[in-house]
Amino acid sequence: MSRIRVLDRSVAERIAAGEVVDRPAAAVKELIENSLDAGARTITVDVEGGGLRLIRVTDDGCGIPADEVPLAFERYATSKIAQVEDLDAVRSYGFRGEALPSVAAVSRVTITTRTAGADAAMRAVLTGGTVGSLTSWGAPPGTTIEAATLFFNTPARLKFLKSVLREQALVADVVQRAAMAHPDVAFRVTFDGREAGRWPRASGEERVADLLGAGSAADLIHMHGAIPSGTIAGWLSRPERSRPNRTGQHLFVNRRPVQSALLRRAVEQGYAQLIPAGRFPCFAVFVDLDPAALDVNVHPRKLEVRFRDEGRLFGAVARIVREALLASPLVRQAIAAAGMRAGPPAGVPIAHHPQGDAGGAPLSLEVHEPVQPYTVDATRRLPLLRPLGQLLHTYILAEGPDGLFLVDQHAAHERVLYERILAARRKGGAPTQTLVVPLTLDLTPAQMALLVGHLDVLTSLGYAVEPFGARTVLLRAVPAAGAASAPDSLLRRVVGALAEEGAADDTPERLSIATACHTAIRAGDRLSPEAIEALLADLAATEDPFTCFHGRPTVVAVPRAQLERWFLRG
């Protein structure tokens, strides 16, 4: 067995550096954060060979006094904290005194720095963390740090890196996140001499719109509010701009880019039922907290934070996001995709074909005059709609203030019924419809156990169910909303929802969804003019008329301008 001994300093420093600088992007992050702490207003990042050949970060910050340059590369040397109590009030990015020593331990570093009042800059050259030379140099105020031949003395690290293009992408992501957090700072990044990105100083909204790829600030929904021990603000993508992955999600705590499953889940909770399962919103959310309310010292690269009051924070964030989304008009618009032709090429005759599917069945289009003018309260969330009829016995056509509106009758009725059920539960119980003849249903032992364990929830939803033997239940009443449905099928649907995985406090919501989904008007159901009017009025009165609880849209608008383009009138 080997004897215990203290590691050689150079070995210990390389191990410590590996915790902070594990790839070029990590080195770029540390150097950018030093520049931000120095008050820089312009930061330029130049990368060669994916960062392995050279990383250069130049800023116009306050610089380092000449006599402190060697000290800046000593481990645990920092100007940010002086005593342990200071850790409870950290506002700066760097404070551990590890960034510069870690970069210098695994590369050949050259630093050129000058303070505003100095006659000349100081240039220092370090290899493997050791200062080799100090000379006066001509340079403007600020600091330039060059890290060359990254990992030259730790070749094992190179085996775990990706391709040059992948490492460049990771560097770009680091710069973009810093640019998003600091719109008042100009950023520029180059790869092998080619400019890859430039962000002049801008407003927070403009910078976020640019980096989220939203197209313009008008595509974003602003949110802000008070949370325990601080505030939250940011910009959210509209639900229809959701993505199949989480690549467009950015979280910042006290302007520090962080990874926080808690905050991410809270923001996504705010989008519940507004986007389908498997889709994810884009957002840039900035949390500003009292430093005493969080711990930023739980990760070597400070990528993660720990919050003091996670439960209250989660609820506050989800609520503020939800309120911002529901306060915005979320009617989706049908816009022709780029490249679509508005008509046939000149000189090509239009072929006339019977409308319908491959079998030649005609389209079912019914147009109704409204029974009476359609009006809703001034506080409505939907625009004023005049019903026109029913298309394919699935979609309601309506005229809006500036175009055509299509309403999915099933999704719309799901939303109406769901909110009615929730409102009835909040008031003490949903209205019921007693069956003329009670029904008996046979269940499996597992189903029976689930049902008996949730009789109180079922009662609050309007079901009257009681055990009638070891594996049989007696159904005496169903929710009034489901009176038109087959009661046995409805109860089996609810029992199936009980078997789905989920938290115990989610059970009432899952059963409400199951009830509303099974009892809603179906695609293919023929609706009378009166039924159409009633459904539109009921939808307009809901809290969220834009999506069903599956996240599918209830309403899609075709703006007048789009209609005119289609008919070559624009």
# chains A, B, ... in the order shown; residues from 1 in each chain; ligands from 1

call {"tool": "residues_around", "arguments": {"residues": "Val495 in chain A", "least_positions_apart": "5", "cutoff": "12 Å", "atoms": "only C-alpha atoms", "output": "list of chain:residue names"}}
result
A:Leu441, A:Asp442, A:Leu443, A:Thr444, A:Ala446, A:Gln447, A:Met448, A:Ala449, A:Leu450, A:Leu451, A:Val452, A:Gly453, A:His454, A:Leu455, A:Val457, A:Leu458, A:Tyr463, A:Val465, A:Val473, A:Asp488, A:Ser489, A:Leu490, A:Glu500, A:Thr507, A:Arg510, A:Leu511, A:Ser512, A:Ala514, A:Thr515

call {"tool": "write_last_selection", "arguments": {"atoms": "N, CA and C atoms", "output": "mmCIF file, in the first residue's frame"}}
result
data_model
loop_
_atom_site.group_PDB
_atom_site.id
_atom_site.type_symbol
_atom_site.label_atom_id
_atom_site.label_comp_id
_atom_site.auth_asym_id
_atom_site.auth_seq_id
_atom_site.Cartn_x
_atom_site.Cartn_y
_atom_site.Cartn_z
ATOM 1 N N LEU A 441 -70.531 -1.763 -12.388
ATOM 2 C CA LEU A 441 -69.325 -1.954 -13.205
ATOM 3 C C LEU A 441 -68.378 -2.878 -12.472
ATOM 4 N N ASP A 442 -67.852 -3.853 -13.195
ATOM 5 C CA ASP A 442 -66.843 -4.758 -12.641
ATOM 6 C C ASP A 442 -65.458 -4.189 -12.915
ATOM 7 N N LEU A 443 -64.610 -4.186 -11.901
ATOM 8 C CA LEU A 443 -63.261 -3.637 -12.013
ATOM 9 C C LEU A 443 -62.241 -4.687 -11.585
ATOM 10 N N THR A 444 -61.008 -4.466 -11.981
ATOM 11 C CA THR A 444 -59.930 -5.329 -11.509
ATOM 12 C C THR A 444 -59.622 -4.959 -10.061
ATOM 13 N N ALA A 446 -56.872 -3.965 -8.791
ATOM 14 C CA ALA A 446 -56.074 -2.734 -8.760
ATOM 15 C C ALA A 446 -56.954 -1.515 -9.005
ATOM 16 N N GLN A 447 -57.857 -1.601 -9.980
ATOM 17 C CA GLN A 447 -58.756 -0.489 -10.259
ATOM 18 C C GLN A 447 -59.675 -0.207 -9.072
ATOM 19 N N MET A 448 -60.134 -1.290 -8.444
ATOM 20 C CA MET A 448 -61.027 -1.128 -7.311
ATOM 21 C C MET A 448 -60.322 -0.404 -6.166
ATOM 22 N N ALA A 449 -59.067 -0.768 -5.923
ATOM 23 C CA ALA A 449 -58.308 -0.133 -4.840
ATOM 24 C C ALA A 449 -58.105 1.353 -5.127
ATOM 25 N N LEU A 450 -57.795 1.684 -6.379
ATOM 26 C CA LEU A 450 -57.608 3.083 -6.747
ATOM 27 C C LEU A 450 -58.893 3.876 -6.557
ATOM 28 N N LEU A 451 -60.005 3.310 -7.024
ATOM 29 C CA LEU A 451 -61.272 4.032 -6.958
ATOM 30 C C LEU A 451 -61.703 4.257 -5.510
ATOM 31 N N VAL A 452 -61.614 3.227 -4.699
ATOM 32 C CA VAL A 452 -62.030 3.360 -3.306
ATOM 33 C C VAL A 452 -61.156 4.386 -2.576
ATOM 34 N N GLY A 453 -59.882 4.461 -2.955
ATOM 35 C CA GLY A 453 -58.988 5.408 -2.306
ATOM 36 C C GLY A 453 -59.213 6.850 -2.721
ATOM 37 N N HIS A 454 -60.036 7.067 -3.743
ATOM 38 C CA HIS A 454 -60.247 8.433 -4.229
ATOM 39 C C HIS A 454 -61.735 8.784 -4.302
ATOM 40 N N LEU A 455 -62.549 8.153 -3.485
ATOM 41 C CA LEU A 455 -63.990 8.425 -3.517
ATOM 42 C C LEU A 455 -64.298 9.889 -3.192
ATOM 43 N N VAL A 457 -62.477 12.558 -3.890
ATOM 44 C CA VAL A 457 -62.203 13.389 -5.064
ATOM 45 C C VAL A 457 -63.297 13.199 -6.105
ATOM 46 N N LEU A 458 -63.712 11.955 -6.324
ATOM 47 C CA LEU A 458 -64.771 11.679 -7.291
ATOM 48 C C LEU A 458 -66.073 12.376 -6.893
ATOM 49 N N TYR A 463 -69.413 12.765 -9.155
ATOM 50 C CA TYR A 463 -69.707 11.333 -9.285
ATOM 51 C C TYR A 463 -70.295 10.818 -7.974
ATOM 52 N N VAL A 465 -70.451 7.249 -6.500
ATOM 53 C CA VAL A 465 -69.975 5.875 -6.695
ATOM 54 C C VAL A 465 -69.863 5.222 -5.333
ATOM 55 N N VAL A 473 -68.631 -1.867 -8.476
ATOM 56 C CA VAL A 473 -69.069 -0.586 -7.939
ATOM 57 C C VAL A 473 -70.429 -0.242 -8.531
ATOM 58 N N ASP A 488 -70.988 4.515 -18.073
ATOM 59 C CA ASP A 488 -70.016 3.476 -17.744
ATOM 60 C C ASP A 488 -68.672 3.763 -18.407
ATOM 61 N N SER A 489 -68.711 4.225 -19.654
ATOM 62 C CA SER A 489 -67.476 4.565 -20.362
ATOM 63 C C SER A 489 -66.777 5.745 -19.688
ATOM 64 N N LEU A 490 -67.566 6.699 -19.233
ATOM 65 C CA LEU A 490 -66.992 7.863 -18.556
ATOM 66 C C LEU A 490 -66.273 7.448 -17.282
ATOM 67 N N GLU A 500 -52.783 6.648 -13.935
ATOM 68 C CA GLU A 500 -51.649 7.347 -14.532
ATOM 69 C C GLU A 500 -50.696 7.823 -13.448
ATOM 70 N N THR A 507 -54.033 14.626 -8.649
ATOM 71 C CA THR A 507 -55.149 13.731 -8.957
ATOM 72 C C THR A 507 -56.427 14.476 -9.323
ATOM 73 N N ARG A 510 -56.087 15.708 -12.874
ATOM 74 C CA ARG A 510 -56.115 14.632 -13.874
ATOM 75 C C ARG A 510 -57.533 14.104 -14.080
ATOM 76 N N LEU A 511 -58.294 13.977 -12.991
ATOM 77 C CA LEU A 511 -59.665 13.497 -13.117
ATOM 78 C C LEU A 511 -60.558 14.542 -13.779
ATOM 79 N N SER A 512 -60.303 15.805 -13.512
ATOM 80 C CA SER A 512 -61.060 16.868 -14.173
ATOM 81 C C SER A 512 -60.800 16.845 -15.675
ATOM 82 N N ALA A 514 -59.786 14.239 -17.455
ATOM 83 C CA ALA A 514 -60.397 13.030 -18.024
ATOM 84 C C ALA A 514 -61.894 13.216 -18.230
ATOM 85 N N THR A 515 -62.555 13.841 -17.263
ATOM 86 C CA THR A 515 -64.003 14.069 -17.372
ATOM 87 C C THR A 515 -64.319 15.014 -18.511
#

call {"tool": "residues_around", "arguments": {"residues": "Asp173 in chain A", "least_positions_apart": "2", "cutoff": "12 Å", "atoms": "only C-alpha atoms", "output": "ChimeraX atom specification"}}
result
/A:24-26,28-29,166-171,175-180,189,196-197,211-212,247-250,257

call {"tool": "write_last_selection", "arguments": {"atoms": "N, CA and C atoms", "output": "PDB file, in the first residue's frame"}}
result
ATOM      1  N   PRO A  24     -12.287  24.636 -23.548  1.00  0.00           N
ATOM      2  CA  PRO A  24     -12.083  26.041 -23.909  1.00  0.00           C
ATOM      3  C   PRO A  24     -13.216  26.958 -23.481  1.00  0.00           C
ATOM      4  N   ALA A  25     -14.449  26.521 -23.613  1.00  0.00           N
ATOM      5  CA  ALA A  25     -15.585  27.376 -23.251  1.00  0.00           C
ATOM      6  C   ALA A  25     -15.534  27.769 -21.781  1.00  0.00           C
ATOM      7  N   ALA A  26     -15.057  26.866 -20.924  1.00  0.00           N
ATOM      8  CA  ALA A  26     -14.962  27.176 -19.497  1.00  0.00           C
ATOM      9  C   ALA A  26     -13.928  28.273 -19.250  1.00  0.00           C
ATOM     10  N   VAL A  28     -13.101  30.589 -21.431  1.00  0.00           N
ATOM     11  CA  VAL A  28     -13.704  31.820 -21.949  1.00  0.00           C
ATOM     12  C   VAL A  28     -14.678  32.397 -20.931  1.00  0.00           C
ATOM     13  N   LYS A  29     -15.471  31.540 -20.316  1.00  0.00           N
ATOM     14  CA  LYS A  29     -16.438  32.003 -19.316  1.00  0.00           C
ATOM     15  C   LYS A  29     -15.734  32.699 -18.161  1.00  0.00           C
ATOM     16  N   ARG A 166     -17.629  21.886 -32.614  1.00  0.00           N
ATOM     17  CA  ARG A 166     -18.426  21.745 -31.396  1.00  0.00           C
ATOM     18  C   ARG A 166     -17.887  22.634 -30.288  1.00  0.00           C
ATOM     19  N   GLU A 167     -16.562  22.694 -30.135  1.00  0.00           N
ATOM     20  CA  GLU A 167     -15.980  23.547 -29.104  1.00  0.00           C
ATOM     21  C   GLU A 167     -16.264  25.015 -29.414  1.00  0.00           C
ATOM     22  N   GLN A 168     -16.253  25.388 -30.694  1.00  0.00           N
ATOM     23  CA  GLN A 168     -16.601  26.752 -31.073  1.00  0.00           C
ATOM     24  C   GLN A 168     -18.043  27.068 -30.698  1.00  0.00           C
ATOM     25  N   ALA A 169     -18.927  26.106 -30.922  1.00  0.00           N
ATOM     26  CA  ALA A 169     -20.335  26.320 -30.582  1.00  0.00           C
ATOM     27  C   ALA A 169     -20.508  26.538 -29.091  1.00  0.00           C
ATOM     28  N   LEU A 170     -19.756  25.803 -28.276  1.00  0.00           N
ATOM     29  CA  LEU A 170     -19.842  25.969 -26.828  1.00  0.00           C
ATOM     30  C   LEU A 170     -19.308  27.331 -26.397  1.00  0.00           C
ATOM     31  N   VAL A 171     -18.246  27.786 -27.052  1.00  0.00           N
ATOM     32  CA  VAL A 171     -17.723  29.123 -26.764  1.00  0.00           C
ATOM     33  C   VAL A 171     -18.755  30.179 -27.128  1.00  0.00           C
ATOM     34  N   VAL A 175     -20.532  33.171 -24.764  1.00  0.00           N
ATOM     35  CA  VAL A 175     -20.536  34.602 -25.078  1.00  0.00           C
ATOM     36  C   VAL A 175     -21.968  35.117 -25.186  1.00  0.00           C
ATOM     37  N   GLN A 176     -22.837  34.340 -25.812  1.00  0.00           N
ATOM     38  CA  GLN A 176     -24.224  34.767 -25.986  1.00  0.00           C
ATOM     39  C   GLN A 176     -24.936  34.910 -24.645  1.00  0.00           C
ATOM     40  N   ARG A 177     -24.699  33.994 -23.732  1.00  0.00           N
ATOM     41  CA  ARG A 177     -25.342  34.097 -22.420  1.00  0.00           C
ATOM     42  C   ARG A 177     -24.842  35.330 -21.666  1.00  0.00           C
ATOM     43  N   ALA A 178     -23.550  35.603 -21.774  1.00  0.00           N
ATOM     44  CA  ALA A 178     -23.024  36.820 -21.132  1.00  0.00           C
ATOM     45  C   ALA A 178     -23.629  38.058 -21.785  1.00  0.00           C
ATOM     46  N   ALA A 179     -23.772  38.041 -23.107  1.00  0.00           N
ATOM     47  CA  ALA A 179     -24.360  39.175 -23.813  1.00  0.00           C
ATOM     48  C   ALA A 179     -25.818  39.368 -23.431  1.00  0.00           C
ATOM     49  N   MET A 180     -26.539  38.270 -23.214  1.00  0.00           N
ATOM     50  CA  MET A 180     -27.944  38.375 -22.826  1.00  0.00           C
ATOM     51  C   MET A 180     -28.066  38.976 -21.425  1.00  0.00           C
ATOM     52  N   VAL A 189     -17.234  38.244 -31.016  1.00  0.00           N
ATOM     53  CA  VAL A 189     -16.512  36.974 -30.962  1.00  0.00           C
ATOM     54  C   VAL A 189     -16.063  36.600 -32.367  1.00  0.00           C
ATOM     55  N   ALA A 196     -17.835  35.845 -35.810  1.00  0.00           N
ATOM     56  CA  ALA A 196     -18.951  34.909 -35.656  1.00  0.00           C
ATOM     57  C   ALA A 196     -20.145  35.540 -34.969  1.00  0.00           C
ATOM     58  N   GLY A 197     -19.945  36.674 -34.343  1.00  0.00           N
ATOM     59  CA  GLY A 197     -21.053  37.335 -33.666  1.00  0.00           C
ATOM     60  C   GLY A 197     -20.648  38.695 -33.156  1.00  0.00           C
ATOM     61  N   LEU A 211     -31.008  37.251 -29.439  1.00  0.00           N
ATOM     62  CA  LEU A 211     -30.357  35.996 -29.078  1.00  0.00           C
ATOM     63  C   LEU A 211     -31.325  34.822 -28.984  1.00  0.00           C
ATOM     64  N   LEU A 212     -32.598  35.077 -28.712  1.00  0.00           N
ATOM     65  CA  LEU A 212     -33.584  33.996 -28.698  1.00  0.00           C
ATOM     66  C   LEU A 212     -34.060  33.655 -30.107  1.00  0.00           C
ATOM     67  N   THR A 247     -33.310  24.051 -25.824  1.00  0.00           N
ATOM     68  CA  THR A 247     -32.145  24.849 -26.216  1.00  0.00           C
ATOM     69  C   THR A 247     -32.386  26.347 -26.096  1.00  0.00           C
ATOM     70  N   GLY A 248     -33.613  26.797 -26.073  1.00  0.00           N
ATOM     71  CA  GLY A 248     -33.891  28.228 -26.005  1.00  0.00           C
ATOM     72  C   GLY A 248     -34.208  28.725 -24.614  1.00  0.00           C
ATOM     73  N   GLN A 249     -33.755  28.029 -23.582  1.00  0.00           N
ATOM     74  CA  GLN A 249     -34.075  28.414 -22.212  1.00  0.00           C
ATOM     75  C   GLN A 249     -32.838  28.986 -21.523  1.00  0.00           C
ATOM     76  N   HIS A 250     -32.984  30.188 -20.963  1.00  0.00           N
ATOM     77  CA  HIS A 250     -31.848  30.881 -20.342  1.00  0.00           C
ATOM     78  C   HIS A 250     -32.281  31.410 -18.980  1.00  0.00           C
ATOM     79  N   PRO A 257     -25.368  33.498 -15.321  1.00  0.00           N
ATOM     80  CA  PRO A 257     -26.016  32.367 -16.005  1.00  0.00           C
ATOM     81  C   PRO A 257     -25.923  31.123 -15.126  1.00  0.00           C
TER      82      PRO A 257
END

call {"tool": "select_by_dssp", "arguments": {"residues": "range 31-207 of chain A", "states": "strand (DSSP E)", "output": "VMD selection string"}}
result
chain A and resid 42 to 48 54 to 59 108 to 114 121 to 127 130 to 137 142 to 148 186 to 191 194 to 199

call {"tool": "closest_residue", "arguments": {"among": "A:Thr135, A:Thr519, A:Gln269, A:Ser102", "to": "Phe151 in chain A", "atoms": "only C-alpha atoms"}}
result
A:Ser102

call {"tool": "residues_around", "arguments": {"residues": "Arg188 in chain A", "least_positions_apart": "5", "cutoff": "7 Å", "atoms": "only C-alpha atoms", "output": "MDAnalysis selection string"}}
result
chainID A and resid 43:45 197:199

call {"tool": "write_last_selection", "arguments": {"atoms": "C-alpha atoms", "output": "compact mmCIF listing (two decimals), in the first residue's frame"}}
result
# COMPACT_ATOMS: atom_id res chain seq x y z
CA ILE A 43 -15.45 42.72 -24.60
CA THR A 44 -13.89 40.92 -27.57
CA VAL A 45 -13.29 37.18 -27.64
CA GLY A 197 -21.05 37.33 -33.67
CA ARG A 198 -21.34 40.99 -32.75
CA TRP A 199 -23.75 42.52 -30.25

call {"tool": "residues_around", "arguments": {"residues": "Gly213 in chain A", "least_positions_apart": "6", "cutoff": "10 Å", "atoms": "only C-alpha atoms", "output": "PDB file with C-alpha atoms, in the first residue's frame"}}
result
ATOM      1  CA  ARG A 207     -30.748  41.805 -26.902  1.00  0.00           C
ATOM      2  CA  ASP A 219     -42.691  38.219 -30.538  1.00  0.00           C
ATOM      3  CA  SER A 237     -41.765  33.133 -26.056  1.00  0.00           C
ATOM      4  CA  GLY A 248     -33.891  28.228 -26.005  1.00  0.00           C
ATOM      5  CA  CYS A 282     -38.117  29.566 -24.882  1.00  0.00           C
TER       6      CYS A 282
END
